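Undergrad: This is start.txt (compact mmCIF, C-alpha atoms).
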# COMPACT_ATOMS: atom_id res chain seq x y z
CA MET A 1 -114.59 144.16 78.04
CA ARG A 2 -117.26 146.66 79.02
CA SER A 3 -120.45 145.03 80.27
CA SER A 4 -123.37 145.24 77.85
CA ALA A 5 -125.57 145.92 80.86
CA ALA A 6 -123.81 149.21 81.64
CA PRO A 7 -125.86 151.36 79.24
CA LEU A 8 -129.08 149.84 80.58
CA VAL A 9 -128.05 150.53 84.16
CA ALA A 10 -127.20 154.12 83.26
CA LEU A 11 -130.53 154.55 81.49
CA LEU A 12 -132.47 153.15 84.43
CA ALA A 13 -130.58 155.43 86.80
CA ALA A 14 -131.38 158.43 84.63
CA CYS A 15 -135.05 157.45 84.46
CA PHE A 16 -135.23 157.06 88.23
CA ALA A 17 -133.60 160.44 88.75
CA ALA A 18 -136.09 162.06 86.39
CA ALA A 19 -139.02 160.33 88.08
CA ALA A 20 -137.77 161.39 91.52
CA GLN A 21 -137.24 165.04 90.58
CA SER A 22 -139.45 167.49 92.42
CA SER A 23 -140.95 170.37 90.48
CA GLY A 24 -143.42 173.21 90.52
CA PRO A 25 -145.94 174.41 87.93
CA ALA A 26 -144.81 175.06 84.37
CA HIS A 27 -146.94 178.21 84.32
CA GLY A 28 -148.52 180.48 86.89
CA THR A 29 -147.91 180.87 90.60
CA LEU A 30 -148.62 178.76 93.69
CA ILE A 31 -148.95 180.31 97.14
CA VAL A 32 -148.80 177.57 99.78
CA ILE A 33 -149.75 178.90 103.23
CA GLY A 34 -149.13 177.11 106.53
CA GLY A 35 -152.41 178.12 108.17
CA GLY A 36 -153.17 180.69 110.84
CA GLU A 37 -153.66 184.37 110.13
CA ILE A 38 -152.91 185.37 106.55
CA GLY A 39 -151.12 188.70 106.72
CA PRO A 40 -151.03 191.55 104.21
CA GLU A 41 -147.76 190.42 102.59
CA ILE A 42 -149.21 187.03 101.61
CA ALA A 43 -152.60 188.48 100.67
CA GLY A 44 -150.93 191.20 98.62
CA ARG A 45 -148.84 188.66 96.74
CA PHE A 46 -152.03 186.78 95.80
CA ALA A 47 -153.76 189.97 94.66
CA ALA A 48 -150.79 191.01 92.53
CA SER A 49 -150.40 187.55 90.99
CA ALA A 50 -154.10 187.35 90.12
CA GLY A 51 -154.26 190.87 88.72
CA CYS A 52 -156.71 192.33 91.22
CA PRO A 53 -158.78 194.45 91.46
CA GLY A 54 -160.02 193.56 87.98
CA ALA A 55 -159.45 189.81 88.17
CA ALA A 56 -162.10 187.18 88.83
CA VAL A 57 -161.23 185.03 91.85
CA VAL A 58 -162.74 181.73 93.03
CA ALA A 59 -162.68 180.82 96.74
CA ILE A 60 -163.22 177.16 97.67
CA PRO A 61 -164.22 176.48 101.32
CA THR A 62 -164.92 172.76 100.83
CA ALA A 63 -162.23 171.58 103.28
CA GLY A 64 -164.42 173.02 106.04
CA GLU A 65 -167.19 171.07 107.72
CA ALA A 66 -170.27 173.13 106.79
CA ASP A 67 -172.73 171.85 104.20
CA GLN A 68 -173.20 175.28 102.64
CA TYR A 69 -171.26 178.55 102.50
CA PRO A 70 -172.52 182.07 101.76
CA GLY A 71 -171.30 184.21 98.90
CA ASP A 72 -169.54 186.47 101.41
CA TRP A 73 -167.72 183.54 103.07
CA SER A 74 -165.54 184.96 105.84
CA GLY A 75 -162.57 182.81 104.82
CA ALA A 76 -162.13 185.02 101.75
CA ALA A 77 -162.31 188.31 103.67
CA PHE A 78 -158.53 188.72 103.55
CA LEU A 79 -158.73 188.69 99.75
CA ARG A 80 -161.35 191.44 99.75
CA ARG A 81 -159.16 193.52 102.06
CA ALA A 82 -156.25 192.95 99.67
CA GLY A 83 -158.23 194.46 96.80
CA CYS A 84 -159.92 191.48 95.13
CA PRO A 85 -163.65 192.39 95.02
CA HIS A 86 -164.77 189.93 92.34
CA ILE A 87 -164.92 186.69 94.33
CA THR A 88 -167.12 183.68 93.58
CA VAL A 89 -167.49 181.10 96.37
CA LEU A 90 -167.53 177.63 94.82
CA HIS A 91 -168.56 174.64 96.94
CA THR A 92 -170.10 171.20 96.56
CA ARG A 93 -169.82 167.76 98.13
CA ASP A 94 -171.35 166.09 95.08
CA ARG A 95 -168.77 164.78 92.60
CA ALA A 96 -171.33 164.82 89.79
CA VAL A 97 -171.85 168.53 90.38
CA ALA A 98 -168.08 169.08 90.52
CA ASP A 99 -167.87 167.40 87.11
CA SER A 100 -170.53 169.62 85.54
CA GLU A 101 -169.98 172.46 83.08
CA GLU A 102 -172.26 174.80 85.02
CA PHE A 103 -170.29 174.37 88.25
CA VAL A 104 -166.87 175.01 86.70
CA ALA A 105 -167.96 178.05 84.66
CA PRO A 106 -166.54 180.56 87.21
CA LEU A 107 -163.18 178.78 87.06
CA ARG A 108 -162.98 179.31 83.31
CA ARG A 109 -163.00 183.08 83.93
CA ALA A 110 -160.79 183.06 87.01
CA ARG A 111 -157.27 184.40 87.37
CA GLY A 112 -156.97 183.24 90.97
CA VAL A 113 -158.17 180.35 93.15
CA PHE A 114 -157.98 180.06 96.94
CA PHE A 115 -158.54 176.88 98.99
CA GLY A 116 -159.53 177.43 102.61
CA GLY A 117 -158.53 175.30 105.56
CA GLY A 118 -160.19 172.32 107.22
CA ARG A 119 -159.61 168.69 106.34
CA GLN A 120 -157.84 167.48 103.21
CA TRP A 121 -160.06 164.43 102.67
CA ARG A 122 -163.06 166.63 101.97
CA LEU A 123 -161.26 168.21 99.01
CA VAL A 124 -160.23 164.76 97.76
CA ASP A 125 -163.76 163.37 98.02
CA SER A 126 -165.32 166.34 96.23
CA TYR A 127 -162.84 167.27 93.52
CA LEU A 128 -160.00 164.82 92.85
CA GLY A 129 -160.22 163.58 89.26
CA THR A 130 -163.16 165.84 88.37
CA ARG A 131 -163.59 168.64 85.86
CA THR A 132 -163.21 171.07 88.77
CA GLN A 133 -159.68 169.84 89.45
CA ARG A 134 -158.79 170.14 85.77
CA GLU A 135 -160.16 173.68 85.51
CA ILE A 136 -158.20 174.78 88.57
CA GLU A 137 -155.04 173.52 86.92
CA ALA A 138 -156.07 175.43 83.79
CA VAL A 139 -155.96 178.64 85.86
CA LEU A 140 -152.26 177.95 86.39
CA ASP A 141 -151.78 177.12 82.72
CA ARG A 142 -153.19 180.57 81.86
CA GLY A 143 -150.61 182.19 84.14
CA GLY A 144 -152.93 182.67 87.11
CA VAL A 145 -152.42 181.92 90.80
CA VAL A 146 -153.61 179.04 92.99
CA ALA A 147 -153.27 179.47 96.75
CA GLY A 148 -154.34 177.48 99.77
CA SER A 149 -153.98 177.56 103.53
CA SER A 150 -153.68 174.63 105.96
CA ALA A 151 -155.58 171.77 104.27
CA GLY A 152 -155.53 173.96 101.17
CA ALA A 153 -151.74 173.93 101.35
CA SER A 154 -151.26 170.17 101.67
CA ILE A 155 -153.70 169.41 98.83
CA GLN A 156 -151.45 171.24 96.35
CA ALA A 157 -148.75 168.56 96.60
CA SER A 158 -148.70 165.28 94.69
CA PHE A 159 -148.34 163.23 97.91
CA LEU A 160 -151.00 163.99 100.51
CA VAL A 161 -150.30 163.87 104.24
CA ARG A 162 -152.85 164.05 107.08
CA GLY A 163 -155.59 162.99 104.69
CA ALA A 164 -157.25 160.43 106.97
CA ARG A 165 -160.93 160.79 107.78
CA GLU A 166 -160.19 159.39 111.25
CA GLY A 167 -158.02 162.32 112.32
CA ASN A 168 -155.31 164.72 111.29
CA THR A 169 -152.56 163.05 113.32
CA ILE A 170 -152.41 160.16 110.82
CA MET A 171 -149.74 161.05 108.27
CA GLU A 172 -150.55 158.44 105.59
CA ALA A 173 -154.07 157.17 104.91
CA PRO A 174 -154.84 154.56 102.21
CA GLY A 175 -157.16 156.11 99.64
CA TYR A 176 -156.07 159.61 100.64
CA LEU A 177 -152.42 159.71 99.59
CA ARG A 178 -152.86 161.63 96.35
CA GLY A 179 -153.14 165.41 96.26
CA PHE A 180 -153.86 167.67 93.31
CA GLY A 181 -150.23 167.53 92.22
CA TYR A 182 -149.38 171.15 91.44
CA LEU A 183 -146.14 170.46 93.34
CA ARG A 184 -144.84 167.19 91.92
CA ASN A 185 -142.94 164.64 94.00
CA VAL A 186 -143.56 166.77 97.08
CA ALA A 187 -145.40 166.40 100.41
CA VAL A 188 -146.52 169.54 102.28
CA ASP A 189 -147.28 169.80 105.99
CA GLN A 190 -148.67 172.89 107.73
CA HIS A 191 -149.04 174.56 111.17
CA LEU A 192 -145.48 173.29 111.55
CA LEU A 193 -144.02 174.97 114.63
CA LYS A 194 -147.29 176.23 116.10
CA ARG A 195 -148.47 172.61 116.53
CA ASN A 196 -145.02 171.10 117.15
CA ARG A 197 -145.13 169.04 113.96
CA GLN A 198 -141.55 169.55 112.84
CA ASP A 199 -140.59 165.87 113.20
CA ASP A 200 -143.72 164.40 111.62
CA LEU A 201 -142.58 164.43 107.98
CA LEU A 202 -139.41 162.46 108.78
CA ALA A 203 -141.18 159.08 108.78
CA VAL A 204 -142.93 159.94 105.50
CA ILE A 205 -139.63 160.77 103.82
CA ASP A 206 -138.03 157.61 105.23
CA ARG A 207 -140.80 155.51 103.66
CA HIS A 208 -140.80 157.53 100.43
CA PRO A 209 -137.21 158.75 99.97
CA GLU A 210 -137.97 160.11 96.50
CA LEU A 211 -140.24 162.79 98.00
CA LEU A 212 -139.23 166.28 99.05
CA GLY A 213 -140.97 167.31 102.26
CA ILE A 214 -141.90 170.93 102.91
CA GLY A 215 -143.23 171.98 106.32
CA ILE A 216 -144.71 175.47 106.60
CA ASP A 217 -145.46 177.29 109.84
CA GLU A 218 -148.52 179.46 110.43
CA SER A 219 -148.76 182.94 108.84
CA THR A 220 -146.00 181.86 106.46
CA ALA A 221 -146.05 180.84 102.80
CA ILE A 222 -143.95 179.69 99.91
CA VAL A 223 -144.52 181.44 96.59
CA VAL A 224 -143.70 178.98 93.81
CA GLN A 225 -142.96 179.89 90.20
CA GLY A 226 -141.48 177.16 88.06
CA ASN A 227 -139.09 175.09 90.13
CA ARG A 228 -138.20 177.80 92.61
CA PHE A 229 -139.94 179.21 95.63
CA GLU A 230 -139.51 182.15 97.98
CA VAL A 231 -140.44 182.15 101.67
CA ILE A 232 -142.65 185.05 102.79
CA GLY A 233 -144.58 185.84 105.94
CA ALA A 234 -143.91 185.71 109.67
CA SER A 235 -142.15 182.43 110.48
CA LYS A 236 -140.18 179.56 108.92
CA VAL A 237 -140.31 176.71 106.44
CA ALA A 238 -138.59 173.34 106.98
CA ILE A 239 -137.08 171.21 104.21
CA TYR A 240 -137.01 167.39 104.42
CA ASP A 241 -134.72 165.72 101.89
CA HIS A 242 -133.65 162.10 102.29
CA GLY A 243 -130.28 163.03 100.82
CA TYR A 244 -129.63 165.77 103.38
CA ARG A 245 -126.74 164.97 105.73
CA PRO A 246 -126.78 167.13 108.87
CA GLU A 247 -123.97 167.57 111.34
CA PRO A 248 -123.95 164.97 114.16
CA GLY A 249 -126.64 165.69 116.71
CA GLN A 250 -128.57 168.04 114.42
CA PRO A 251 -132.09 167.37 113.07
CA ARG A 252 -132.57 165.74 109.67
CA TYR A 253 -134.21 168.85 108.28
CA PHE A 254 -133.29 172.50 108.02
CA PHE A 255 -135.17 175.78 108.17
CA LEU A 256 -135.60 178.59 105.69
CA SER A 257 -136.47 182.09 106.88
CA PRO A 258 -138.51 184.76 105.06
CA GLY A 259 -136.63 185.98 102.02
CA SER A 260 -134.93 182.62 101.44
CA ARG A 261 -135.24 180.95 98.04
CA TYR A 262 -135.11 177.26 97.21
CA ASP A 263 -134.79 175.22 94.01
CA LEU A 264 -137.15 172.22 94.03
CA ALA A 265 -135.49 170.38 91.15
CA ARG A 266 -131.93 170.81 92.40
CA ARG A 267 -132.97 170.51 96.05
CA GLU A 268 -130.73 173.33 97.11
CA VAL A 269 -130.96 176.80 98.60
CA VAL A 270 -130.62 179.52 95.98
CA THR A 271 -127.84 181.88 97.04
CA GLU A 272 -127.48 184.33 94.15
For the structure just supplied, provide its representation as structure tokens.
TA:
Amino acid sequence: MRSSAAPLVALLAACFAAAAQSSGPAHGTLIVIGGGEIGPEIAGRFAASAGCPGAAVVAIPTAGEADQYPGDWSGAAFLRRAGCPHITVLHTRDRAVADSEEFVAPLRRARGVFFGGGRQWRLVDSYLGTRTQREIEAVLDRGGVVAGSSAGASIQASFLVRGAREGNTIMEAPGYLRGFGYLRNVAVDQHLLKRNRQDDLLAVIDRHPELLGIGIDESTAIVVQGNRFEVIGASKVAIYDHGYRPEPGQPRYFFLSPGSRYDLARREVVTE
């Protein structure tokens, strides 16, 4: 006799698999940059995705340490060189301001958003759960582009690494484990090879085996549309999957070079 528990077990397994599935945005484009110099290929992809030169773009420098930023913030200079002249610099450390209609008005018109580098916790403290966060996601829903470099890369994932106020060598910090979630069931690390961080995500994936880890080197990016991404730029991207089984003596991650494509949901390299 077939156990009456079998259908329940199958249902629970299916639910777990669905919950553990990694995914990208349903609409729009993400450009997740590993820090360092942002070259013309990455900048050009942002400009094309946003619809520059006519598109309105919002640049957010809040991960940096300054209290105020000028309208010609240097961190957005690469976007101007790429042909995006209509840039609004949006910055606050006051959550009440971030939740106000006046503050988010430029985001309602935007076709592109860029997060600069610095420290992830500053973005969490200022914007997580506010109207600003919701309006940035609405840019994606309208088919726009959201990009970020360094801290602005990690914040795009659902699971936040290096979010501790105490220092960026701490991979998991209570109160700073949640990113903005444009990449679901994913953790993103940056400056991967330049700062010799290629082993750092392993412990995170061991503790949270449902996550997909993505490590991105400097001057390199993944361009995400739906559940697939393409590697562009100068260096490599590492993939950390708890289900990956390397050959004996090989690392528990593998690298993707520029031009490679990867399916987040299937967790496999796209070969066609």
Undergrad: Have a look at atom CA of Gly112 of chain A and atom CA of Gln68 of chain A and let me know their distance in Å, one decimal.
TA: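 That distance, rounded to one decimal, is 21.5 Å.
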Undergrad: If we count all atoms listed in the file, what is near segment 194-202 of chain A at a cut-off of 9 Å, once residues fewer than 4 positions away on the same chain are taken out, given as a PyMOL selection string?
TA: chain A and resi 161+171+187-190+206-207+213-215+217-218+238+240-242+251-253
Undergrad: Per residue of segment 70-89 of chain A within 7 Å of segment 45-52 of chain A, record the nearest atom pair and its distance in Å to one decimal, counting all atoms listed in the file, with rows in chain order and ascending residue number, as CSV.
TA:
residue,atom,partner,partner_atom,distance
A:Ala82,CA,A:Ala47,CA,6.3
A:Gly83,CA,A:Cys52,CA,6.2
A:Cys84,CA,A:Cys52,CA,5.1
Undergrad: Pick out the residues sitting within 9 Å of Asn168 of chain A, and hand them over as a PyMOL selection string; count only C-alpha atoms, and ignore anything fewer than 6 positions along from it in its own chain.
TA: chain A and resi 119-120+161-162
Undergrad: Using C-alpha atoms, can you export the residues from the last selection as a PDB file, in the frame of the given file?
TA:
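Final output, selection_36.pdb:
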ATOM      1  CA  ARG A 119    -159.610 168.690 106.340  1.00  0.00           C
ATOM      2  CA  GLN A 120    -157.840 167.480 103.210  1.00  0.00           C
ATOM      3  CA  VAL A 161    -150.300 163.870 104.240  1.00  0.00           C
ATOM      4  CA  ARG A 162    -152.850 164.050 107.080  1.00  0.00           C
TER       5      ARG A 162
END
Undergrad: For Ala138 of chain A, which of A:Arg109, A:His86, A:His208, A:Arg267 is the closest residue, counting all atoms listed in the file?
TA: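 Nearest candidate to Ala138 of chain A out of A:Arg109, A:His86, A:His208, A:Arg267: A:Arg109.
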Undergrad: Quick one: distance from atom CA of Pro248 of chain A to atom CA of Ala203 of chain A in Å, one decimal?
TA: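 Rounded to one decimal, the two atoms are 19.0 Å apart.
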Undergrad: Could you give me the axis-aligned bounding box of segment 243-254 of chain A, with 3 Å of padding per side, as centre plus edge lengths in Å to one decimal, as lines of an AutoDock Vina configuration file?
TA:
center_x = -129.1
center_y = 167.8
center_z = 108.8
size_x = 16.3
size_y = 15.5
size_z = 21.9
Undergrad: So how far away is atom CA of Ile136 of chain A from atom CA of Phe180 of chain A, in Å?
TA: 9.6 Å
Undergrad: Pick out the closest residue to Leu212 of chain A from this set: A:Val104, A:Ala26, A:Ala20, A:Ala77. Count all atoms listed in the file.
TA: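 Going through A:Val104, A:Ala26, A:Ala20, A:Ala77 one by one, the smallest distance to Leu212 of chain A is for A:Ala20.
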Undergrad: Which residues are close to Ala221 of chain A, i.e. within 9 Å by only C-alpha atoms, leaving aside same-chain residues fewer than 4 positions away? Reply as a ChimeraX atom specification.
TA: /A:31-35,42,149,216-217,230-237,258
Undergrad: Quick one: of A:Ala55, A:Ala105, A:Ala63, A:Val113, who's nearest to Val145 of chain A, counting all atoms listed in the file?
TA: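 Under the stated criterion, the closest residue is A:Val113.
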Undergrad: If we count only C-alpha atoms, what is near Gly71 of chain A at a cut-off of 12 Å, once residues fewer than 4 positions away on the same chain are taken out, given as a ChimeraX atom specification?
TA: /A:58-61,75-77,85-91
Undergrad: Within 6 Å of (-154.1, 176.9, 96.6) in the file's own coordinates, which protein, DNA or RNA residues have an atom, counting all atoms listed in the file? List them as a PDB file with C-alpha atoms, keeping the file's coordinate frame.
TA:
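Just written: part_8.pdb:
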ATOM      1  CA  PHE A 114    -157.980 180.060  96.940  1.00  0.00           C
ATOM      2  CA  PHE A 115    -158.540 176.880  98.990  1.00  0.00           C
ATOM      3  CA  VAL A 146    -153.610 179.040  92.990  1.00  0.00           C
ATOM      4  CA  ALA A 147    -153.270 179.470  96.750  1.00  0.00           C
ATOM      5  CA  GLY A 148    -154.340 177.480  99.770  1.00  0.00           C
ATOM      6  CA  GLY A 152    -155.530 173.960 101.170  1.00  0.00           C
TER       7      GLY A 152
END
Undergrad: So, with only C-alpha atoms as the atoms that count, which of A:Ala43, A:Val204, A:Ala153, A:Val139 lies closest to Ala56 of chain A?
TA: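 For Ala56 of chain A, the nearest of the given residues is A:Val139.
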Undergrad: Mind completing segment 226-246 of chain A with N, CA and C atoms? Output as an mmCIF file, in the coordinates of the input, please?
TA:
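Saved as part00.cif:
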data_model
loop_
_atom_site.group_PDB
_atom_site.id
_atom_site.type_symbol
_atom_site.label_atom_id
_atom_site.label_comp_id
_atom_site.auth_asym_id
_atom_site.auth_seq_id
_atom_site.Cartn_x
_atom_site.Cartn_y
_atom_site.Cartn_z
ATOM 1 N N GLY A 226 -142.385 178.146 88.638
ATOM 2 C CA GLY A 226 -141.480 177.160 88.060
ATOM 3 C C GLY A 226 -140.977 176.231 89.133
ATOM 4 N N ASN A 227 -139.685 176.007 89.150
ATOM 5 C CA ASN A 227 -139.090 175.090 90.130
ATOM 6 C C ASN A 227 -138.482 175.793 91.326
ATOM 7 N N ARG A 228 -138.759 177.073 91.477
ATOM 8 C CA ARG A 228 -138.200 177.800 92.610
ATOM 9 C C ARG A 228 -139.295 178.420 93.459
ATOM 10 N N PHE A 229 -139.006 178.509 94.757
ATOM 11 C CA PHE A 229 -139.940 179.210 95.630
ATOM 12 C C PHE A 229 -139.206 180.177 96.540
ATOM 13 N N GLU A 230 -139.978 181.159 97.016
ATOM 14 C CA GLU A 230 -139.510 182.150 97.980
ATOM 15 C C GLU A 230 -140.353 182.029 99.237
ATOM 16 N N VAL A 231 -139.732 182.166 100.399
ATOM 17 C CA VAL A 231 -140.440 182.150 101.670
ATOM 18 C C VAL A 231 -140.869 183.575 102.019
ATOM 19 N N ILE A 232 -142.161 183.753 102.344
ATOM 20 C CA ILE A 232 -142.650 185.050 102.790
ATOM 21 C C ILE A 232 -143.495 184.844 104.045
ATOM 22 N N GLY A 233 -143.742 185.928 104.768
ATOM 23 C CA GLY A 233 -144.580 185.840 105.940
ATOM 24 C C GLY A 233 -143.822 185.997 107.236
ATOM 25 N N ALA A 234 -144.360 185.401 108.316
ATOM 26 C CA ALA A 234 -143.910 185.710 109.670
ATOM 27 C C ALA A 234 -142.967 184.698 110.290
ATOM 28 N N SER A 235 -142.899 183.469 109.783
ATOM 29 C CA SER A 235 -142.150 182.430 110.480
ATOM 30 C C SER A 235 -141.249 181.667 109.514
ATOM 31 N N LYS A 236 -141.182 180.351 109.643
ATOM 32 C CA LYS A 236 -140.180 179.560 108.920
ATOM 33 C C LYS A 236 -140.800 178.407 108.144
ATOM 34 N N VAL A 237 -139.982 177.885 107.242
ATOM 35 C CA VAL A 237 -140.310 176.710 106.440
ATOM 36 C C VAL A 237 -139.208 175.684 106.648
ATOM 37 N N ALA A 238 -139.577 174.414 106.818
ATOM 38 C CA ALA A 238 -138.590 173.340 106.980
ATOM 39 C C ALA A 238 -138.531 172.497 105.715
ATOM 40 N N ILE A 239 -137.320 172.043 105.388
ATOM 41 C CA ILE A 239 -137.080 171.210 104.210
ATOM 42 C C ILE A 239 -136.639 169.822 104.665
ATOM 43 N N TYR A 240 -137.288 168.789 104.098
ATOM 44 C CA TYR A 240 -137.010 167.390 104.420
ATOM 45 C C TYR A 240 -136.576 166.687 103.139
ATOM 46 N N ASP A 241 -135.302 166.358 103.073
ATOM 47 C CA ASP A 241 -134.720 165.720 101.890
ATOM 48 C C ASP A 241 -133.951 164.497 102.367
ATOM 49 N N HIS A 242 -134.305 163.328 101.842
ATOM 50 C CA HIS A 242 -133.650 162.100 102.290
ATOM 51 C C HIS A 242 -132.153 162.134 102.060
ATOM 52 N N GLY A 243 -131.707 162.924 101.097
ATOM 53 C CA GLY A 243 -130.280 163.030 100.820
ATOM 54 C C GLY A 243 -129.547 164.039 101.677
ATOM 55 N N TYR A 244 -130.265 164.759 102.526
ATOM 56 C CA TYR A 244 -129.630 165.770 103.380
ATOM 57 C C TYR A 244 -128.840 165.095 104.489
ATOM 58 N N ARG A 245 -127.619 165.542 104.707
ATOM 59 C CA ARG A 245 -126.740 164.970 105.730
ATOM 60 C C ARG A 245 -126.377 166.047 106.744
ATOM 61 N N PRO A 246 -127.067 166.093 107.879
ATOM 62 C CA PRO A 246 -126.780 167.130 108.870
ATOM 63 C C PRO A 246 -125.519 166.814 109.672
#
